[in-house]
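Student: Here's a structure for you.
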Amino acid sequence: MLNQGFMMSHVLFGVLGILCAVALFMDVLNAGEKNYQRIKMLSLAVAVLIVISFLIGGYWYVTYYGAERDIIKAGAWPWAHNFFMEVKEHIFFAMLLLGIYLPIAVYKNTPLTNKKNKNLVLAICAMIILLGLFMEGAGGIISKGVTIGLRG
Amino acid sequence: MKKTNIKKNKNIQTAVIKNKTNMDKYLLGFGLSLVVTNLLNAVILVVKEVSSPVMNVMKAALGHHWTTHGVFLLFVFVILGVVFSINEVGEKWDSLKMMYYIIGSVIISVVIITVFFLPYLIA
């Protein structure tokens with residue numbers, strides 16, 4: 001049960017991080033004095049949510065994943081671990097670092113009404129969203145790999 | 001007259017300093033650190049997967065190779081970020097150039113990681 005709880009929280013915080021990155025992307029597109037406070041808050045929220053998702057996911061991976069990995073590798077979808085989990089666990093570092101850099105890019109990159117400054121923040125948000133969506137998809141495939149492995 | 005000249009010189013000096021680097025030192029320092037760390041991520045992955053002694057050392061260090069990998073990357077990111085922020089990087093930088101470097105580093109890193117594990121998917 002604890003195993004499932006950790007896994008669901010990891011996904012939940014990851015999805016919230018992606019949603020905040022989407023909201024931030026839209027806010028930065030329309031950046032101005034009125035929404036600058038919200039932009040700053042959202043950038044911090046993205047960083048915090050991704051870090052929490054990383055810590056929970058990392059703990060789950062190190063503590064619980066071993067048994068599920070063996071099930072996946074013995075099943076019909078061994079590539080769910082051999083490709084998707086391996087790629088996911090390493091690309092997550094890029095997403096984590098982008099998430100940590102995002103508030104720096106927002107707080108120290110003023111004014112955001114400047115096109116170059118705006119584009120830097122937009123690019124970071126876009127990469128977080130794309131990598132995040134890949135994480136979600138890969139996570140789904142890995143879970144399916146376990147289900148298929150259990151069927152034998 | 002003299003006062004006007006001094007003011008003009010000050011303005012020129014300020015413009016020169018601003019042109020030297022258009023970015024905040026932390027934005028530049030941690031941006032460069034992000035670029036280096038992203039590439040380092042892919043390099044560490046390839047090295048540890050290819051070399052068993054490296055993999056064993058990483059497993060022994062913090063109990064799991066992935067934990068060691070992550071902690072090391074975060075450590076390098078912070079240290080390089082501080083070092084690059086403190087030391088002036090002499091080139092002209094702006095947000096656009098930083099954006100291209102960051103996008104480039106992420107793409108290269110993702111491609112290396114994906115291509116490295118691709119044979120397992122095809123098999």
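Order determines the names: the first chain of the structure tokens is A, the second B, and so forth; residues in each chain are numbered 1 upward, and ligands are numbered 1 upward as they are shown.
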Could you list, as a list in words, every residue of chain A that has an atom within 6 Å of an atom of chain B, counting only C-alpha atoms?
Tutor: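 Per the criterion, chain A yields Trp79, Asn82, Phe83, Ala94, Lys108, Lys116, Asn117 and Leu120 of chain A.
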Student: Kindly export the residues of the current selection with all heavy atoms, as an mmCIF file, in the first residue's frame.
Tutor:
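Written out: again03.cif:
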data_model
loop_
_atom_site.group_PDB
_atom_site.id
_atom_site.type_symbol
_atom_site.label_atom_id
_atom_site.label_comp_id
_atom_site.auth_asym_id
_atom_site.auth_seq_id
_atom_site.Cartn_x
_atom_site.Cartn_y
_atom_site.Cartn_z
ATOM 1 N N TRP A 79 11.344 -4.556 -22.588
ATOM 2 C CA TRP A 79 11.814 -3.237 -23.020
ATOM 3 C C TRP A 79 11.139 -2.096 -22.234
ATOM 4 O O TRP A 79 11.608 -0.963 -22.264
ATOM 5 C CB TRP A 79 11.612 -3.033 -24.523
ATOM 6 C CG TRP A 79 10.299 -3.539 -25.043
ATOM 7 C CD1 TRP A 79 10.063 -4.751 -25.615
ATOM 8 C CD2 TRP A 79 9.031 -2.862 -25.007
ATOM 9 N NE1 TRP A 79 8.737 -4.877 -25.952
ATOM 10 C CE2 TRP A 79 8.077 -3.733 -25.602
ATOM 11 C CE3 TRP A 79 8.602 -1.623 -24.560
ATOM 12 C CZ2 TRP A 79 6.739 -3.397 -25.739
ATOM 13 C CZ3 TRP A 79 7.260 -1.275 -24.696
ATOM 14 C CH2 TRP A 79 6.346 -2.162 -25.277
ATOM 15 N N ASN A 82 13.986 -2.039 -19.880
ATOM 16 C CA ASN A 82 15.299 -1.889 -20.524
ATOM 17 C C ASN A 82 15.428 -0.608 -21.338
ATOM 18 O O ASN A 82 16.530 -0.072 -21.486
ATOM 19 C CB ASN A 82 15.576 -3.088 -21.438
ATOM 20 C CG ASN A 82 15.743 -4.353 -20.645
ATOM 21 O OD1 ASN A 82 16.068 -4.316 -19.466
ATOM 22 N ND2 ASN A 82 15.490 -5.495 -21.281
ATOM 23 N N PHE A 83 14.324 -0.133 -21.885
ATOM 24 C CA PHE A 83 14.387 1.136 -22.623
ATOM 25 C C PHE A 83 13.709 2.255 -21.843
ATOM 26 O O PHE A 83 14.354 3.229 -21.454
ATOM 27 C CB PHE A 83 13.757 0.994 -24.012
ATOM 28 C CG PHE A 83 13.806 2.272 -24.802
ATOM 29 C CD1 PHE A 83 14.986 2.683 -25.411
ATOM 30 C CD2 PHE A 83 12.688 3.083 -24.919
ATOM 31 C CE1 PHE A 83 15.041 3.886 -26.112
ATOM 32 C CE2 PHE A 83 12.734 4.275 -25.624
ATOM 33 C CZ PHE A 83 13.918 4.672 -26.230
ATOM 34 N N ALA A 94 17.640 15.957 -16.362
ATOM 35 C CA ALA A 94 17.592 17.181 -17.198
ATOM 36 C C ALA A 94 16.384 18.015 -16.804
ATOM 37 O O ALA A 94 16.474 19.247 -16.667
ATOM 38 C CB ALA A 94 17.525 16.798 -18.675
ATOM 39 N N LYS A 108 15.812 36.673 -12.302
ATOM 40 C CA LYS A 108 17.013 37.420 -12.682
ATOM 41 C C LYS A 108 17.028 37.826 -14.153
ATOM 42 O O LYS A 108 18.044 38.291 -14.648
ATOM 43 C CB LYS A 108 18.260 36.553 -12.390
ATOM 44 C CG LYS A 108 18.433 36.176 -10.938
ATOM 45 C CD LYS A 108 18.867 37.376 -10.142
ATOM 46 C CE LYS A 108 19.111 37.013 -8.686
ATOM 47 N NZ LYS A 108 19.452 38.208 -7.884
ATOM 48 N N LYS A 116 13.791 38.683 -25.988
ATOM 49 C CA LYS A 116 14.847 37.683 -25.740
ATOM 50 C C LYS A 116 14.688 37.044 -24.364
ATOM 51 O O LYS A 116 14.819 35.828 -24.207
ATOM 52 C CB LYS A 116 16.224 38.348 -25.832
ATOM 53 C CG LYS A 116 16.652 38.675 -27.248
ATOM 54 C CD LYS A 116 18.033 39.300 -27.236
ATOM 55 C CE LYS A 116 18.499 39.619 -28.640
ATOM 56 N NZ LYS A 116 19.824 40.263 -28.661
ATOM 57 N N ASN A 117 14.422 37.880 -23.351
ATOM 58 C CA ASN A 117 14.244 37.370 -21.986
ATOM 59 C C ASN A 117 13.039 36.436 -21.920
ATOM 60 O O ASN A 117 13.072 35.378 -21.300
ATOM 61 C CB ASN A 117 14.048 38.527 -21.003
ATOM 62 C CG ASN A 117 15.279 39.399 -20.900
ATOM 63 O OD1 ASN A 117 16.339 39.031 -21.401
ATOM 64 N ND2 ASN A 117 15.146 40.552 -20.277
ATOM 65 N N LEU A 120 13.667 32.950 -23.449
ATOM 66 C CA LEU A 120 14.451 32.027 -22.614
ATOM 67 C C LEU A 120 13.523 31.284 -21.647
ATOM 68 O O LEU A 120 13.582 30.051 -21.535
ATOM 69 C CB LEU A 120 15.526 32.789 -21.827
ATOM 70 C CG LEU A 120 16.322 31.967 -20.802
ATOM 71 C CD1 LEU A 120 17.122 30.862 -21.480
ATOM 72 C CD2 LEU A 120 17.260 32.851 -19.986
#
Student: DSSP on the backbone, then: every residue of segment 46-112 of chain B marked alpha helix (DSSP H), written as a VMD selection string.
Tutor: chain B and resid 46 to 50 52 to 62 65 to 86 95 to 112
Student: Could you check how far atom CA of Asn119 of chain A sits from atom CA of Phe25 of chain A, in Å to one decimal?
Tutor: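 Computing the Euclidean distance for atom CA of Asn119 of chain A and atom CA of Phe25 of chain A yields 10.0 Å.
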Student: Distance atom CA of Asn30 of chain A-atom CA of Ile52 of chain A, one decimal place?
Tutor: 28.2 Å
Student: Which one of A:Val121, A:Ile141, A:Met85, A:Val15 sits closest to Ile50 of chain A if you count only C-alpha atoms?
Tutor: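 Result for the nearest residue to Ile50 of chain A: A:Val15.
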